[in-house]
>>> print(open('work05.json').read())   # JSON, C-alpha atoms
[["chain", "number", "residue", "atom", "x", "y", "z"],
["A", 164, "MET", "CA", 0.00, 0.00, 0.00],
["A", 165, "ARG", "CA", 1.27, 3.44, -0.93],
["A", 166, "ALA", "CA", -0.20, 6.76, 0.11],
["A", 167, "ARG", "CA", 0.68, 10.40, 0.48],
["A", 168, "ARG", "CA", -0.38, 13.26, 2.68],
["A", 169, "GLY", "CA", -3.94, 14.32, 1.90],
["A", 170, "ASP", "CA", -5.11, 10.88, 0.73],
["A", 171, "ARG", "CA", -8.04, 9.30, 2.55],
["A", 172, "ILE", "CA", -8.13, 5.87, 4.12],
["A", 173, "VAL", "CA", -11.38, 3.91, 4.46],
["A", 174, "LEU", "CA", -11.97, 0.85, 6.66],
["A", 175, "ALA", "CA", -15.02, -1.39, 6.49],
["A", 176, "GLY", "CA", -16.56, -2.42, 9.81],
["A", 177, "GLU", "CA", -14.87, -5.41, 11.41],
["A", 178, "GLN", "CA", -18.20, -7.12, 12.12],
["A", 179, "VAL", "CA", -21.61, -7.07, 10.51],
["A", 180, "GLY", "CA", -23.40, -3.87, 11.41],
["A", 181, "HIS", "CA", -20.25, -2.01, 12.51],
["A", 182, "PRO", "CA", -19.80, 1.37, 10.82],
["A", 183, "VAL", "CA", -17.30, 2.20, 8.11],
["A", 184, "ARG", "CA", -14.43, 4.36, 9.38],
["A", 185, "ASP", "CA", -12.55, 6.93, 7.32],
["A", 186, "GLY", "CA", -9.92, 9.57, 7.79],
["A", 187, "GLU", "CA", -7.32, 11.78, 6.14],
["A", 188, "ILE", "CA", -3.67, 10.78, 6.03],
["A", 189, "ILE", "CA", -1.84, 13.76, 7.55],
["A", 190, "GLU", "CA", 1.64, 12.23, 7.69],
["A", 191, "VAL", "CA", 3.42, 9.35, 5.94],
["A", 192, "ARG", "CA", 6.18, 7.86, 8.08],
["A", 193, "GLY", "CA", 7.28, 4.99, 5.83],
["A", 194, "GLU", "CA", 9.60, 5.23, 2.84],
["A", 195, "GLN", "CA", 8.10, 6.04, -0.57],
["A", 196, "GLY", "CA", 4.52, 6.24, 0.73],
["A", 197, "ALA", "CA", 4.61, 3.06, 2.81],
["A", 198, "PRO", "CA", 2.98, 2.79, 6.25],
["A", 199, "PRO", "CA", 2.78, 3.72, 9.01],
["A", 200, "TYR", "CA", 0.51, 6.71, 8.51],
["A", 201, "VAL", "CA", -0.72, 9.34, 10.91],
["A", 202, "VAL", "CA", -4.46, 9.57, 10.28],
["A", 203, "ARG", "CA", -6.98, 12.19, 11.37],
["A", 204, "TRP", "CA", -10.16, 10.11, 11.58],
["A", 205, "SER", "CA", -13.51, 11.69, 10.71],
["A", 206, "ASP", "CA", -14.36, 11.80, 14.42],
["A", 207, "GLY", "CA", -11.37, 14.15, 14.93],
["A", 208, "HIS", "CA", -9.14, 11.56, 16.63],
["A", 209, "GLU", "CA", -5.54, 11.32, 15.34],
["A", 210, "ALA", "CA", -3.48, 8.14, 15.54],
["A", 211, "THR", "CA", -0.58, 6.31, 13.96],
["A", 212, "PHE", "CA", -2.07, 3.58, 11.78],
["A", 213, "PHE", "CA", -0.72, 0.45, 10.09],
["A", 214, "PRO", "CA", -3.39, -0.55, 7.53],
["A", 215, "GLY", "CA", -4.53, -4.15, 7.31],
["A", 216, "PRO", "CA", -6.15, -6.03, 4.41],
["A", 217, "GLY", "CA", -9.48, -4.25, 4.89],
["A", 218, "ALA", "CA", -8.09, -0.75, 4.31],
["A", 219, "VAL", "CA", -8.61, 1.16, 1.07],
["A", 220, "VAL", "CA", -6.62, 4.29, 0.19],
["A", 221, "ARG", "CA", -8.45, 6.91, -1.87],
["A", 222, "THR", "CA", -5.91, 9.23, -3.44],
["A", 223, "ARG", "CA", -6.48, 12.94, -3.80],
["A", 224, "GLY", "CA", -6.56, 12.45, -7.56],
["A", 225, "GLU", "CA", -9.66, 10.28, -7.21],
["A", 226, "THR", "CA", -11.63, 13.08, -5.61],
["A", 227, "GLU", "CA", -10.20, 16.32, -6.93],
["A", 228, "ALA", "CA", -8.44, 17.46, -10.08],
["A", 229, "GLN", "CA", -4.67, 17.43, -9.96],
["A", 230, "PRO", "CA", -2.95, 19.95, -12.26],
["A", 231, "ASP", "CA", -0.09, 17.57, -13.10],
["A", 232, "VAL", "CA", -2.37, 14.60, -13.88],
["A", 233, "PRO", "CA", -3.57, 14.34, -17.48],
["A", 234, "ALA", "CA", -7.31, 14.23, -18.15],
["A", 235, "PRO", "CA", -8.74, 10.69, -18.38],
["A", 236, "THR", "CA", -8.91, 9.06, -21.78],
["A", 237, "ALA", "CA", -11.14, 6.22, -22.98],
["A", 238, "ALA", "CA", -8.58, 3.74, -21.63],
["A", 239, "GLN", "CA", -8.46, 5.33, -18.15],
["A", 240, "PRO", "CA", -11.29, 5.14, -15.64],
["A", 241, "VAL", "CA", -12.89, 8.42, -14.70],
["A", 242, "HIS", "CA", -13.89, 7.12, -11.26],
["A", 243, "GLU", "CA", -13.17, 3.96, -9.34],
["A", 244, "TRP", "CA", -15.43, 2.44, -6.73],
["A", 245, "SER", "CA", -14.37, -0.40, -4.48],
["A", 246, "ILE", "CA", -16.46, -3.16, -2.97],
["A", 247, "ARG", "CA", -15.19, -5.03, 0.05],
["A", 248, "VAL", "CA", -16.98, -8.19, 1.13],
["A", 249, "SER", "CA", -16.36, -9.71, 4.54],
["A", 250, "LEU", "CA", -17.68, -13.15, 5.49],
["A", 251, "TYR", "CA", -18.60, -14.28, 8.99],
["A", 252, "GLU", "CA", -19.45, -17.84, 9.90],
["A", 253, "HIS", "CA", -21.10, -19.19, 13.02],
["A", 254, "GLN", "CA", -22.00, -22.87, 13.07],
["A", 255, "ASP", "CA", -24.34, -23.37, 10.07],
["A", 256, "ASP", "CA", -24.87, -19.66, 9.37],
["A", 257, "THR", "CA", -22.85, -17.46, 7.02],
["A", 258, "THR", "CA", -23.24, -13.69, 6.84],
["A", 259, "ALA", "CA", -21.68, -11.44, 4.20],
["A", 260, "GLN", "CA", -21.18, -7.71, 4.69],
["A", 261, "ALA", "CA", -20.61, -5.77, 1.46],
["A", 262, "VAL", "CA", -19.31, -2.20, 1.59],
["A", 263, "LEU", "CA", -19.19, 0.00, -1.50],
["A", 264, "VAL", "CA", -16.76, 2.91, -1.23],
["A", 265, "SER", "CA", -17.71, 5.47, -3.87],
["A", 266, "GLY", "CA", -15.96, 8.54, -2.51],
["A", 267, "PRO", "CA", -13.63, 9.65, 0.25],
["A", 268, "ALA", "CA", -16.39, 9.72, 2.85],
["A", 269, "GLU", "CA", -19.16, 8.05, 0.88],
["A", 270, "GLN", "CA", -20.03, 4.42, 1.39],
["A", 271, "THR", "CA", -23.03, 2.15, 1.14],
["A", 272, "ASP", "CA", -23.29, -1.19, 2.89],
["A", 273, "ALA", "CA", -25.57, -4.19, 2.77],
["A", 274, "SER", "CA", -25.60, -7.68, 4.19],
["A", 275, "GLY", "CA", -26.83, -11.10, 3.19],
["A", 276, "SER", "CA", -26.96, -14.43, 4.93],
["A", 277, "ALA", "CA", -27.25, -18.14, 4.30],
["A", 278, "HIS", "CA", -28.16, -21.05, 6.57],
["A", 279, "ARG", "CA", -27.07, -24.64, 5.94],
["A", 280, "SER", "CA", -29.78, -27.14, 6.64],
["A", 281, "ALA", "CA", -28.79, -30.26, 8.58],
["A", 282, "ARG", "CA", -29.59, -32.38, 5.51],
["A", 283, "ASP", "CA", -27.25, -30.31, 3.24],
["A", 284, "PRO", "CA", -23.64, -31.36, 2.68],
["A", 285, "ALA", "CA", -21.01, -29.42, 4.65],
["A", 286, "SER", "CA", -19.70, -27.14, 1.89],
["A", 287, "PRO", "CA", -18.80, -23.69, 3.24],
["A", 288, "ARG", "CA", -18.22, -22.31, -0.25],
["A", 289, "ILE", "CA", -21.91, -22.70, -1.10],
["A", 290, "GLY", "CA", -22.94, -20.71, 1.99],
["A", 291, "ASP", "CA", -20.34, -18.06, 1.11],
["A", 292, "GLU", "CA", -21.66, -17.76, -2.45],
["A", 293, "ILE", "CA", -25.28, -17.45, -1.34],
["A", 294, "ALA", "CA", -24.53, -14.94, 1.42],
["A", 295, "VAL", "CA", -22.35, -12.80, -0.90],
["A", 296, "ALA", "CA", -24.94, -12.94, -3.70],
["A", 297, "ARG", "CA", -27.64, -11.78, -1.30],
["A", 298, "ALA", "CA", -25.46, -8.99, 0.10],
["A", 299, "LEU", "CA", -24.62, -7.77, -3.42],
["A", 300, "ARG", "CA", -28.27, -7.93, -4.44],
["A", 301, "HIS", "CA", -29.22, -5.81, -1.42],
["A", 302, "LEU", "CA", -26.39, -3.40, -2.25],
["A", 303, "SER", "CA", -27.69, -3.19, -5.83],
["A", 304, "ASP", "CA", -31.21, -2.46, -4.57],
["A", 305, "LYS", "CA", -29.86, 0.37, -2.40],
["A", 306, "LEU", "CA", -27.99, 1.87, -5.36],
["A", 307, "PHE", "CA", -31.09, 1.75, -7.58],
["A", 308, "GLU", "CA", -33.15, 3.41, -4.84],
["A", 309, "ARG", "CA", -30.52, 6.11, -4.34],
["A", 310, "ALA", "CA", -30.37, 6.74, -8.11],
["A", 311, "ARG", "CA", -34.18, 6.92, -8.26],
["A", 312, "GLN", "CA", -34.22, 9.52, -5.49],
["A", 313, "ASP", "CA", -31.43, 11.49, -7.17],
["A", 314, "VAL", "CA", -33.35, 11.56, -10.48],
["A", 315, "GLU", "CA", -36.52, 12.67, -8.71],
["A", 316, "ASN", "CA", -34.65, 15.42, -6.86],
["A", 317, "ALA", "CA", -32.88, 16.61, -10.02],
["A", 318, "THR", "CA", -35.95, 16.59, -12.27],
["A", 319, "GLY", "CA", -38.85, 17.21, -9.90],
["A", 320, "GLU", "CA", -40.56, 14.09, -11.27],
["A", 321, "HIS", "CA", -42.29, 11.59, -9.00],
["A", 322, "ASP", "CA", -42.54, 7.80, -9.11],
["A", 323, "VAL", "CA", -39.48, 7.45, -11.36],
["A", 324, "ASP", "CA", -38.93, 3.85, -12.44],
["A", 325, "ILE", "CA", -35.34, 2.72, -13.01],
["A", 326, "ARG", "CA", -35.07, -0.81, -14.40],
["A", 327, "ALA", "CA", -32.22, -3.17, -13.62],
["A", 328, "SER", "CA", -31.61, -4.03, -17.27]]
>>> encode(input="work05.json", output="structure tokens")
Amino acid sequence: MRARRGDRIVLAGEQVGHPVRDGEIIEVRGEQGAPPYVVRWSDGHEATFFPGPGAVVRTRGETEAQPDVPAPTAAQPVHEWSIRVSLYEHQDDTTAQAVLVSGPAEQTDASGSAHRSARDPASPRIGDEIAVARALRHLSDKLFERARQDVENATGEHDVDIRAS
């Protein structure tokens, strides 16, 4: 992971239902952008931070124009969103928590679950797939609803229908 001062760091909740945490990197203490970082979290707390596998760095260039960065071309993405999926298992239950990070302090989360019946074979991958699929479907539903509300607010129309196809 590489970062620089002014970039943002986003962490998904460690357990289902826990909030997403984000902050601004105010100091880079490692060589060539490597950790550790001093982060000013959105709650105002500052701490030295060593990011783990659940951390996502959002560079300044992703959220604001940089004068020395060329404008995007057809081969370069204009925006990048990240989805992090965490799986939790307890006995025969699997829960997936999906977090979409679409901006430095903008995220949407959803969860899905699966339960293995006693008569089903013990195959954790199947429970993972079902729980993740359900979490992503719920995330998709939230995005469609948010887009519908945005269209209504922008146009003044009511009962806007946005299809999934």
>>> atom_distance(input="work05.json", atom1="atom CA of A:Glu194", atom2="atom CA of A:Met164")
11.3 Å
>>> residues_around(input="work05.json", residues="stretch 251-259 of chain A", least_positions_apart="3", cutoff="7 Å", atoms="all atoms listed in the file", output="ChimeraX atom specification")
/A:248,274-279,290-291,294-295,298
>>> residues_near_point(input="work05.json", point="(7.5, 6.1, 5.3)", cutoff="12 Å", atoms="all atoms listed in the file", output="ChimeraX atom specification")
/A:164-168,190-201,211-213
>>> atom_distance(input="work05.json", atom1="atom CA of A:His208", atom2="atom CA of A:Val183")
15.1 Å
>>> atom_distance(input="work05.json", atom1="atom CA of A:His242", atom2="atom CA of A:Gly266")
9.1 Å
>>> closest_residue(input="work05.json", among="A:Arg288, A:Arg184, A:Arg297, A:Arg203", to="A:Gln270", atoms="only C-alpha atoms")
A:Arg184
>>> residues_around(input="work05.json", residues="stretch 219-222 of chain A", least_positions_apart="3", cutoff="10 Å", atoms="only C-alpha atoms", output="ChimeraX atom specification")
/A:164-175,185-188,214-216,225-227,243-247,264-268
>>> closest_residue(input="work05.json", among="A:Ala317, A:Ala327, A:Ala281, A:Ile289", to="A:Ser303", atoms="all atoms listed in the file")
A:Ala327
